[in-house]
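Report on the following structure.
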2 protein chains.
Amino acid sequence: MAGSSTASRGAATGTGSAGTGAGVGTATGRAFDVLKHAIMHAELGPGRQYLETELADRLGLSRTPIREACIRLAADGLVEIVPRRGIRVVAVAADDMAQIYDLLATVEGRAAALLAERVAGAATGGQDLPPELAAALAELDATVAAMAEALDDVDLDRWAEADARFHRALVDGAGNRPLADTANRYADLVHRARLVTLRIRPTPTDSVADHRELVAVIRSGDGQAAERSHVDHRRRAAATLVGILAAFDPNGL
Amino acid sequence: MAGSSTASRGAATGTGSAGTGAGVGTATGRAFDVLKHAIMHAELGPGRQYLETELADRLGLSRTPIREACIRLAADGLVEIVPRRGIRVVAVAADDMAQIYDLLATVEGRAAALLAERVAGAATGGQDLPPELAAALAELDATVAAMAEALDDVDLDRWAEADARFHRALVDGAGNRPLADTANRYADLVHRARLVTLRIRPTPTDSVADHRELVAVIRSGDGQAAERSHVDHRRRAAATLVGILAAFDPNGL
DNA sequence: TGGTCGAATAATGTATACGTTAGTGTATTG
DNA sequence: CAATACACTAACGTATACATTATTCGACCA
């Protein structure tokens, strides 16, 4: 998602959607970060419910910052606030993840197209790309390299991190903030799902090739091709992932 | 956007994204609705800033529900909370609207494809469509008819309302909640922008034909065609709209 | 005369207190 | 024995009080 802490930043604020962003000094911000982290690492079980007082005690805060943090978490779709039953950590079913994957494929596909078009547009004019664009492409290269390296080391966590960075670089590079916000909003849920799929289908070996190819197509400036390429890959991968998730936990993640 | 009131519902809650939804009984919910309405109707000027106390006094409430409502408004991107300066109503520049239009074209295009595929899938199996699908198609028909009728009466407001209903029916009918939430999240900003464009380019006469055609293609079950059709129309319309917006207010809406 | 340091001010962030209400458990009755 | 009604508990929603801190205004110094 977008905002990070200060109980301030809206979905469309900030560079895109930092993980820990600014405003860390405030209790609401800390509560948000801590709770989110806990949800991500399944320290707060999916489907479980926690009373405001309970969370407040656990974090050593009063209910106020807890409430505010939870409103933001709810806006990000991570929890649901049920008036008398407490804060419920949303359980994401395999079906939900399938829908999210579909949306992300679409959105990221458009991002790829936009990025490619920006590259093409810049290439037409002068010789050298604007620094912003060059940086985006460099980041894509770097993350692909990191993914390959992590796979060599059989370090799945590092691979996952690099993959996440790749996708963020992609959507941030498109130059469309709402689009980036949308993609990043669901990145957390995807990350949580990856915790499961990662261990079961260990080596997404061809994904490196896919990513590398996408970067090449983007560089070529062919927006349509970039979009097709990415959407195809993502949808294919999604089918596999959803299958794994459904098998792993029919109840929801 | 999604949520509606209770200070509870997250982005992914509720039927899709009601305007006034449930939980109206709570002060936070009322504050949210009132403030949102005020923002939409430009009673709270874009770019203007309002202190929490100010808004609290204006609504006859304490700061608490105001804060909570504002956090939700911020999550929806309608306001920005600046620590010492107050609640700033976001000013949407023409560029921003261009980006939003682009995102919406993409997302709604996918929705059209999904809906068409659902129709195709249902047609293959039995004879009659599932009631949910039939209702969605009926709603699309109804809204197109309403648009045409409103245009005949030269009632722009009614046309705008019907158009909004059409797009909601479209994304809600795709059967992908995150996708619908994403589209609906930006519907408000689009609506606000329409207030401007509507008066300047009075009769979007061919838009009715566009919409009607889209529904026909969806009925035919051709997902790819539906997506192409919708994306084309939206992107074309977006160019016009953005031009108008830029001319109307270079500072932002 | 301009700039910087400092103190007053005011708005926020957080805690807490209070009223309302929903949920629960028990007792009573059919 | 089951169902319903009532009372009790406790969690939430809201208001308010307090502490913290940024901002602003003014005075003093260079």
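The chains in the structure tokens are called A, B, ... from first to last as shown; in each chain the residues are counted from 1, and the ligands are counted from 1 in the order shown.
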
Residues of chain D within 10 Å of chain A: nearest atom pair and distance (Å, one decimal) for each, counting only C-alpha atoms (C1' of nucleotides), sorted by chain and number, as CSV?
```
residue,atom,partner,partner_atom,distance
D:DA10,C1',A:Arg84,CA,9.7
D:DA11,C1',A:Arg84,CA,6.2
D:DC12,C1',A:Arg84,CA,6.8
D:DG13,C1',A:Pro83,CA,9.7
```

Could you turn the residues from that selection into a file that holds C-alpha atoms (C1' of nucleotides), as a PDB file, in the first residue's frame?
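After the write, part_4.pdb holds the following:
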```
ATOM      1  C1'  DA D  10     -17.471  -5.085  28.451  1.00  0.00           C
ATOM      2  C1'  DA D  11     -16.000  -3.039  24.131  1.00  0.00           C
ATOM      3  C1'  DC D  12     -16.555   0.669  21.392  1.00  0.00           C
ATOM      4  C1'  DG D  13     -17.528   5.548  20.061  1.00  0.00           C
TER       5       DG D  13
END
```

Name the residues in contact with DA19 (chain D) at a cut-off of 12 Å, using only C-alpha atoms (C1' of nucleotides), excluding same-chain residues fewer than 6 positions from it; report them as a list in words.
->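 In the requested format, the answer is DT12, DG13, DT14 and DA15 of chain C.
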
Write the residues you've just listed into a file as a PDB file, in the first residue's frame, and include C-alpha atoms (C1' of nucleotides) for each of them.
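Below is the file that was written, out_2.pdb:
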```pdb
ATOM      1  C1'  DT C  12      -1.198  18.369  16.941  1.00  0.00           C
ATOM      2  C1'  DG C  13      -0.473  13.637  19.084  1.00  0.00           C
ATOM      3  C1'  DT C  14      -1.702  10.838  22.864  1.00  0.00           C
ATOM      4  C1'  DA C  15      -3.965   9.430  26.939  1.00  0.00           C
TER       5       DA C  15
END
```

With only C-alpha atoms as the atoms that count, which of A:Val196, A:Met40, A:Val82, A:Val119 lies nearest to Val242 (chain A)?
->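 Result for the nearest residue to Val242 (chain A): A:Val196.
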
So which residues of region 6-253 of chain B fall under strand (DSSP E or B) by DSSP, listed as a list in words?
-> Gln49, Tyr50, Val79, Glu80, Ile81, Val82, Gly86, Ile87, Arg88 and Val89 of chain B

Let's have the selection written as a compact mmCIF listing (two decimals), in the first residue's frame, with C-alpha atoms.
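Written file, selection.txt:
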```
# COMPACT_ATOMS: atom_id res chain seq x y z
CA GLN B 49 -6.37 23.87 4.41
CA TYR B 50 -8.55 23.41 7.43
CA VAL B 79 -7.17 15.06 1.42
CA GLU B 80 -3.67 15.27 2.73
CA ILE B 81 -2.90 15.64 6.38
CA VAL B 82 -0.08 18.07 6.94
CA GLY B 86 -4.18 21.25 8.74
CA ILE B 87 -6.20 19.06 6.44
CA ARG B 88 -5.46 20.01 2.89
CA VAL B 89 -7.99 19.21 0.21
```

Could you work out which residues of chain B fall inside 10 Å of chain A? Count only C-alpha atoms, and format the result as an mmCIF file with N, CA and C atoms, in the first residue's frame.
```cif
data_model
loop_
_atom_site.group_PDB
_atom_site.id
_atom_site.type_symbol
_atom_site.label_atom_id
_atom_site.label_comp_id
_atom_site.auth_asym_id
_atom_site.auth_seq_id
_atom_site.Cartn_x
_atom_site.Cartn_y
_atom_site.Cartn_z
ATOM 1 N N ALA B 2 -13.705 3.219 -1.793
ATOM 2 C CA ALA B 2 -14.439 2.064 -1.309
ATOM 3 C C ALA B 2 -15.275 2.361 -0.078
ATOM 4 N N GLY B 3 -14.673 2.206 1.076
ATOM 5 C CA GLY B 3 -15.391 2.320 2.350
ATOM 6 C C GLY B 3 -16.439 3.417 2.351
ATOM 7 N N THR B 6 -18.651 3.638 8.781
ATOM 8 C CA THR B 6 -18.372 3.248 10.152
ATOM 9 C C THR B 6 -16.956 3.423 10.665
ATOM 10 N N ALA B 7 -16.099 3.995 9.928
ATOM 11 C CA ALA B 7 -14.712 4.091 10.370
ATOM 12 C C ALA B 7 -14.157 2.704 10.441
ATOM 13 N N SER B 8 -14.897 1.809 9.831
ATOM 14 C CA SER B 8 -14.506 0.423 9.914
ATOM 15 C C SER B 8 -14.038 -0.080 8.566
ATOM 16 N N ARG B 9 -15.013 -0.170 7.706
ATOM 17 C CA ARG B 9 -14.801 -0.856 6.454
ATOM 18 C C ARG B 9 -13.543 -0.433 5.729
ATOM 19 N N GLY B 10 -12.801 -1.437 5.375
ATOM 20 C CA GLY B 10 -11.575 -1.186 4.636
ATOM 21 C C GLY B 10 -11.891 -1.018 3.175
ATOM 22 N N ALA B 11 -10.847 -0.898 2.403
ATOM 23 C CA ALA B 11 -11.021 -0.670 0.978
ATOM 24 C C ALA B 11 -11.703 -1.868 0.332
ATOM 25 N N ALA B 12 -11.487 -3.023 0.901
ATOM 26 C CA ALA B 12 -11.982 -4.231 0.257
ATOM 27 C C ALA B 12 -13.260 -4.737 0.915
ATOM 28 N N THR B 13 -13.940 -3.871 1.618
ATOM 29 C CA THR B 13 -15.133 -4.288 2.319
ATOM 30 C C THR B 13 -16.361 -3.797 1.572
ATOM 31 N N GLY B 23 -23.481 2.143 8.735
ATOM 32 C CA GLY B 23 -22.729 2.784 9.811
ATOM 33 C C GLY B 23 -22.935 4.279 9.851
ATOM 34 N N THR B 64 -11.926 13.984 17.645
ATOM 35 C CA THR B 64 -11.710 12.553 17.416
ATOM 36 C C THR B 64 -12.370 12.024 16.141
ATOM 37 N N ARG B 67 -10.700 13.461 13.057
ATOM 38 C CA ARG B 67 -9.407 12.847 12.745
ATOM 39 C C ARG B 67 -9.600 11.522 12.028
ATOM 40 N N GLU B 68 -10.494 10.705 12.580
ATOM 41 C CA GLU B 68 -10.693 9.383 12.004
ATOM 42 C C GLU B 68 -11.257 9.487 10.601
ATOM 43 N N ALA B 69 -12.185 10.396 10.421
ATOM 44 C CA ALA B 69 -12.747 10.578 9.084
ATOM 45 C C ALA B 69 -11.663 11.043 8.122
ATOM 46 N N CYS B 70 -10.811 11.925 8.588
ATOM 47 C CA CYS B 70 -9.776 12.475 7.712
ATOM 48 C C CYS B 70 -8.748 11.415 7.336
ATOM 49 N N ILE B 71 -8.477 10.521 8.253
ATOM 50 C CA ILE B 71 -7.554 9.442 7.920
ATOM 51 C C ILE B 71 -8.125 8.627 6.768
ATOM 52 N N ARG B 72 -9.421 8.400 6.840
ATOM 53 C CA ARG B 72 -10.043 7.642 5.755
ATOM 54 C C ARG B 72 -10.069 8.446 4.468
ATOM 55 N N LEU B 73 -10.328 9.734 4.585
ATOM 56 C CA LEU B 73 -10.317 10.571 3.387
ATOM 57 C C LEU B 73 -8.924 10.596 2.780
ATOM 58 N N ALA B 74 -7.932 10.616 3.654
ATOM 59 C CA ALA B 74 -6.552 10.625 3.171
ATOM 60 C C ALA B 74 -6.235 9.322 2.456
ATOM 61 N N ALA B 75 -6.741 8.224 3.002
ATOM 62 C CA ALA B 75 -6.508 6.927 2.372
ATOM 63 C C ALA B 75 -7.149 6.883 0.990
ATOM 64 N N ASP B 76 -8.210 7.633 0.835
ATOM 65 C CA ASP B 76 -8.871 7.686 -0.460
ATOM 66 C C ASP B 76 -8.258 8.740 -1.369
ATOM 67 N N GLY B 77 -7.264 9.431 -0.845
ATOM 68 C CA GLY B 77 -6.579 10.406 -1.675
ATOM 69 C C GLY B 77 -7.328 11.708 -1.855
ATOM 70 N N LEU B 78 -8.334 11.937 -1.036
ATOM 71 C CA LEU B 78 -9.105 13.172 -1.193
ATOM 72 C C LEU B 78 -8.481 14.332 -0.423
ATOM 73 N N VAL B 79 -7.828 14.021 0.659
ATOM 74 C CA VAL B 79 -7.166 15.065 1.420
ATOM 75 C C VAL B 79 -5.755 14.607 1.780
ATOM 76 N N GLU B 80 -5.009 15.555 2.269
ATOM 77 C CA GLU B 80 -3.670 15.272 2.727
ATOM 78 C C GLU B 80 -3.581 15.848 4.131
ATOM 79 N N ILE B 81 -2.997 15.132 5.037
ATOM 80 C CA ILE B 81 -2.896 15.639 6.384
ATOM 81 C C ILE B 81 -1.490 16.171 6.604
ATOM 82 N N VAL B 82 -1.379 17.462 6.747
ATOM 83 C CA VAL B 82 -0.076 18.074 6.938
ATOM 84 C C VAL B 82 0.050 18.470 8.398
ATOM 85 N N PRO B 83 0.951 17.833 9.102
ATOM 86 C CA PRO B 83 1.054 17.914 10.563
ATOM 87 C C PRO B 83 0.701 19.231 11.230
ATOM 88 N N ILE B 87 -5.740 20.008 7.444
ATOM 89 C CA ILE B 87 -6.197 19.057 6.443
ATOM 90 C C ILE B 87 -6.274 19.771 5.107
ATOM 91 N N VAL B 90 -6.912 17.920 -1.518
ATOM 92 C CA VAL B 90 -5.968 17.746 -2.607
ATOM 93 C C VAL B 90 -6.436 18.466 -3.860
ATOM 94 N N ASP B 95 -2.563 17.025 -15.132
ATOM 95 C CA ASP B 95 -1.653 15.894 -15.310
ATOM 96 C C ASP B 95 -2.087 14.692 -14.486
ATOM 97 N N ASP B 96 -2.443 14.968 -13.250
ATOM 98 C CA ASP B 96 -2.891 13.886 -12.379
ATOM 99 C C ASP B 96 -4.116 13.210 -12.963
ATOM 100 N N MET B 97 -5.038 14.015 -13.449
ATOM 101 C CA MET B 97 -6.252 13.446 -14.014
ATOM 102 C C MET B 97 -5.908 12.603 -15.236
ATOM 103 N N ALA B 98 -4.941 13.039 -15.996
ATOM 104 C CA ALA B 98 -4.527 12.258 -17.163
ATOM 105 C C ALA B 98 -4.053 10.880 -16.710
ATOM 106 N N GLN B 99 -3.288 10.867 -15.644
ATOM 107 C CA GLN B 99 -2.788 9.585 -15.139
ATOM 108 C C GLN B 99 -3.921 8.718 -14.628
ATOM 109 N N ILE B 100 -4.848 9.355 -13.946
ATOM 110 C CA ILE B 100 -5.985 8.597 -13.423
ATOM 111 C C ILE B 100 -6.817 8.031 -14.567
ATOM 112 N N TYR B 101 -7.050 8.845 -15.568
ATOM 113 C CA TYR B 101 -7.808 8.367 -16.721
ATOM 114 C C TYR B 101 -7.101 7.174 -17.359
ATOM 115 N N ASP B 102 -5.810 7.260 -17.448
ATOM 116 C CA ASP B 102 -5.060 6.172 -18.060
ATOM 117 C C ASP B 102 -5.231 4.891 -17.257
ATOM 118 N N LEU B 103 -5.078 5.036 -15.944
ATOM 119 C CA LEU B 103 -5.241 3.866 -15.079
ATOM 120 C C LEU B 103 -6.647 3.295 -15.201
ATOM 121 N N LEU B 104 -7.632 4.175 -15.186
ATOM 122 C CA LEU B 104 -9.010 3.716 -15.250
ATOM 123 C C LEU B 104 -9.309 3.024 -16.580
ATOM 124 N N THR B 106 -7.266 1.360 -18.318
ATOM 125 C CA THR B 106 -6.654 0.033 -18.225
ATOM 126 C C THR B 106 -7.502 -0.905 -17.384
ATOM 127 N N VAL B 107 -7.851 -0.430 -16.199
ATOM 128 C CA VAL B 107 -8.573 -1.283 -15.258
ATOM 129 C C VAL B 107 -9.978 -1.613 -15.768
ATOM 130 N N GLY B 109 -10.904 -1.548 -18.776
ATOM 131 C CA GLY B 109 -10.745 -2.401 -19.954
ATOM 132 C C GLY B 109 -10.660 -3.859 -19.537
ATOM 133 N N ARG B 110 -9.879 -4.100 -18.518
ATOM 134 C CA ARG B 110 -9.777 -5.471 -18.019
ATOM 135 C C ARG B 110 -11.122 -5.948 -17.488
ATOM 136 N N ALA B 111 -11.833 -5.051 -16.831
ATOM 137 C CA ALA B 111 -13.151 -5.402 -16.310
ATOM 138 C C ALA B 111 -14.066 -5.813 -17.454
ATOM 139 N N LEU B 114 -13.091 -9.266 -18.551
ATOM 140 C CA LEU B 114 -13.503 -10.286 -17.589
ATOM 141 C C LEU B 114 -15.000 -10.531 -17.671
ATOM 142 N N GLY B 175 -16.510 -9.290 -11.398
ATOM 143 C CA GLY B 175 -16.309 -10.361 -10.435
ATOM 144 C C GLY B 175 -14.924 -10.364 -9.827
ATOM 145 N N ASN B 176 -14.311 -9.219 -9.826
ATOM 146 C CA ASN B 176 -12.976 -9.088 -9.224
ATOM 147 C C ASN B 176 -13.021 -7.901 -8.266
ATOM 148 N N ARG B 177 -13.119 -8.204 -6.987
ATOM 149 C CA ARG B 177 -13.314 -7.152 -5.999
ATOM 150 C C ARG B 177 -12.169 -6.134 -5.964
ATOM 151 N N PRO B 178 -10.915 -6.577 -5.881
ATOM 152 C CA PRO B 178 -9.835 -5.593 -5.866
ATOM 153 C C PRO B 178 -9.863 -4.688 -7.088
ATOM 154 N N LEU B 179 -10.187 -5.256 -8.211
ATOM 155 C CA LEU B 179 -10.278 -4.453 -9.425
ATOM 156 C C LEU B 179 -11.374 -3.408 -9.284
ATOM 157 N N ALA B 180 -12.530 -3.840 -8.810
ATOM 158 C CA ALA B 180 -13.643 -2.902 -8.635
ATOM 159 C C ALA B 180 -13.273 -1.823 -7.630
ATOM 160 N N THR B 182 -10.382 -0.692 -6.923
ATOM 161 C CA THR B 182 -9.411 0.217 -7.534
ATOM 162 C C THR B 182 -10.120 1.247 -8.411
ATOM 163 N N ALA B 183 -11.001 0.778 -9.239
ATOM 164 C CA ALA B 183 -11.711 1.690 -10.127
ATOM 165 C C ALA B 183 -12.567 2.665 -9.319
ATOM 166 N N ARG B 185 -12.224 3.617 -6.362
ATOM 167 C CA ARG B 185 -11.433 4.515 -5.537
ATOM 168 C C ARG B 185 -11.205 5.850 -6.231
ATOM 169 N N TYR B 186 -11.079 5.804 -7.540
ATOM 170 C CA TYR B 186 -10.800 7.038 -8.270
ATOM 171 C C TYR B 186 -12.052 7.654 -8.885
#
```

Please run DSSP on the backbone and report, as a PyMOL selection string, all residues within region 119-222 of chain A that come out as alpha helix (DSSP H).
-> chain A and resi 119-125+131-152+156-173+177-200+205-220

Shell around His41 (chain B) at 10 Å using only C-alpha atoms (C1' of nucleotides), local window under 4 positions removed, as a PyMOL selection string | chain B and resi 35-37+45+191-192+195

Could the residues in this selection be saved with N, CA and C atoms as a short mmCIF file (atom, residue, chain, number, x, y, z; two decimals), in the first residue's frame?
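Contents of the output file part_30.cif:
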```
data_model
loop_
_atom_site.label_atom_id
_atom_site.label_comp_id
_atom_site.auth_asym_id
_atom_site.auth_seq_id
_atom_site.Cartn_x
_atom_site.Cartn_y
_atom_site.Cartn_z
N LEU B 35 -17.83 15.55 5.00
CA LEU B 35 -16.60 16.13 4.47
C LEU B 35 -16.41 15.74 3.01
N LYS B 36 -16.67 14.50 2.73
CA LYS B 36 -16.51 14.04 1.36
C LYS B 36 -17.46 14.79 0.43
N HIS B 37 -18.69 14.90 0.88
CA HIS B 37 -19.67 15.62 0.08
C HIS B 37 -19.20 17.06 -0.15
N GLY B 45 -12.68 24.18 -0.66
CA GLY B 45 -11.90 24.46 -1.85
C GLY B 45 -10.66 23.60 -1.99
N HIS B 191 -15.39 12.15 -10.84
CA HIS B 191 -16.66 12.85 -10.73
C HIS B 191 -16.45 14.34 -10.53
N ARG B 192 -15.50 14.65 -9.66
CA ARG B 192 -15.25 16.06 -9.40
C ARG B 192 -14.76 16.76 -10.66
N LEU B 195 -17.48 17.71 -13.12
CA LEU B 195 -18.21 18.94 -12.83
C LEU B 195 -17.72 20.07 -13.74
#
```

Write out as a ChimeraX atom specification which residues come within 12 Å of region 4-9 of chain C when counting only C-alpha atoms (C1' of nucleotides), dropping same-chain ones fewer than 6 positions away.
-> /D:21-30

I'd like a table as CSV: residues in chain A with an atom no more than 9 Å from chain C, each row giving the shortest atom pair and its distance in Å to one decimal, only C-alpha atoms (C1' of nucleotides) counted, sorted by chain and rising residue number.
```
residue,atom,partner,partner_atom,distance
A:Thr26,CA,C:DG13,C1',7.4
A:Ala27,CA,C:DT14,C1',8.0
A:Thr28,CA,C:DG13,C1',8.5
A:Leu61,CA,C:DA15,C1',8.6
A:Ser62,CA,C:DA15,C1',6.2
A:Arg63,CA,C:DA15,C1',8.4
A:Thr64,CA,C:DT14,C1',7.0
A:Pro65,CA,C:DT14,C1',7.3
A:Arg84,CA,C:DA22,C1',7.2
```

Any idea what's packed within 9 Å of region 140-157 of chain A, counting only C-alpha atoms (C1' of nucleotides), ignoring anything in its chain fewer than 3 positions away? Could you give it as a ChimeraX atom specification?
-> /A:135-137,160-167,169-170,195,198-199,202-205,208-209,211-212,215
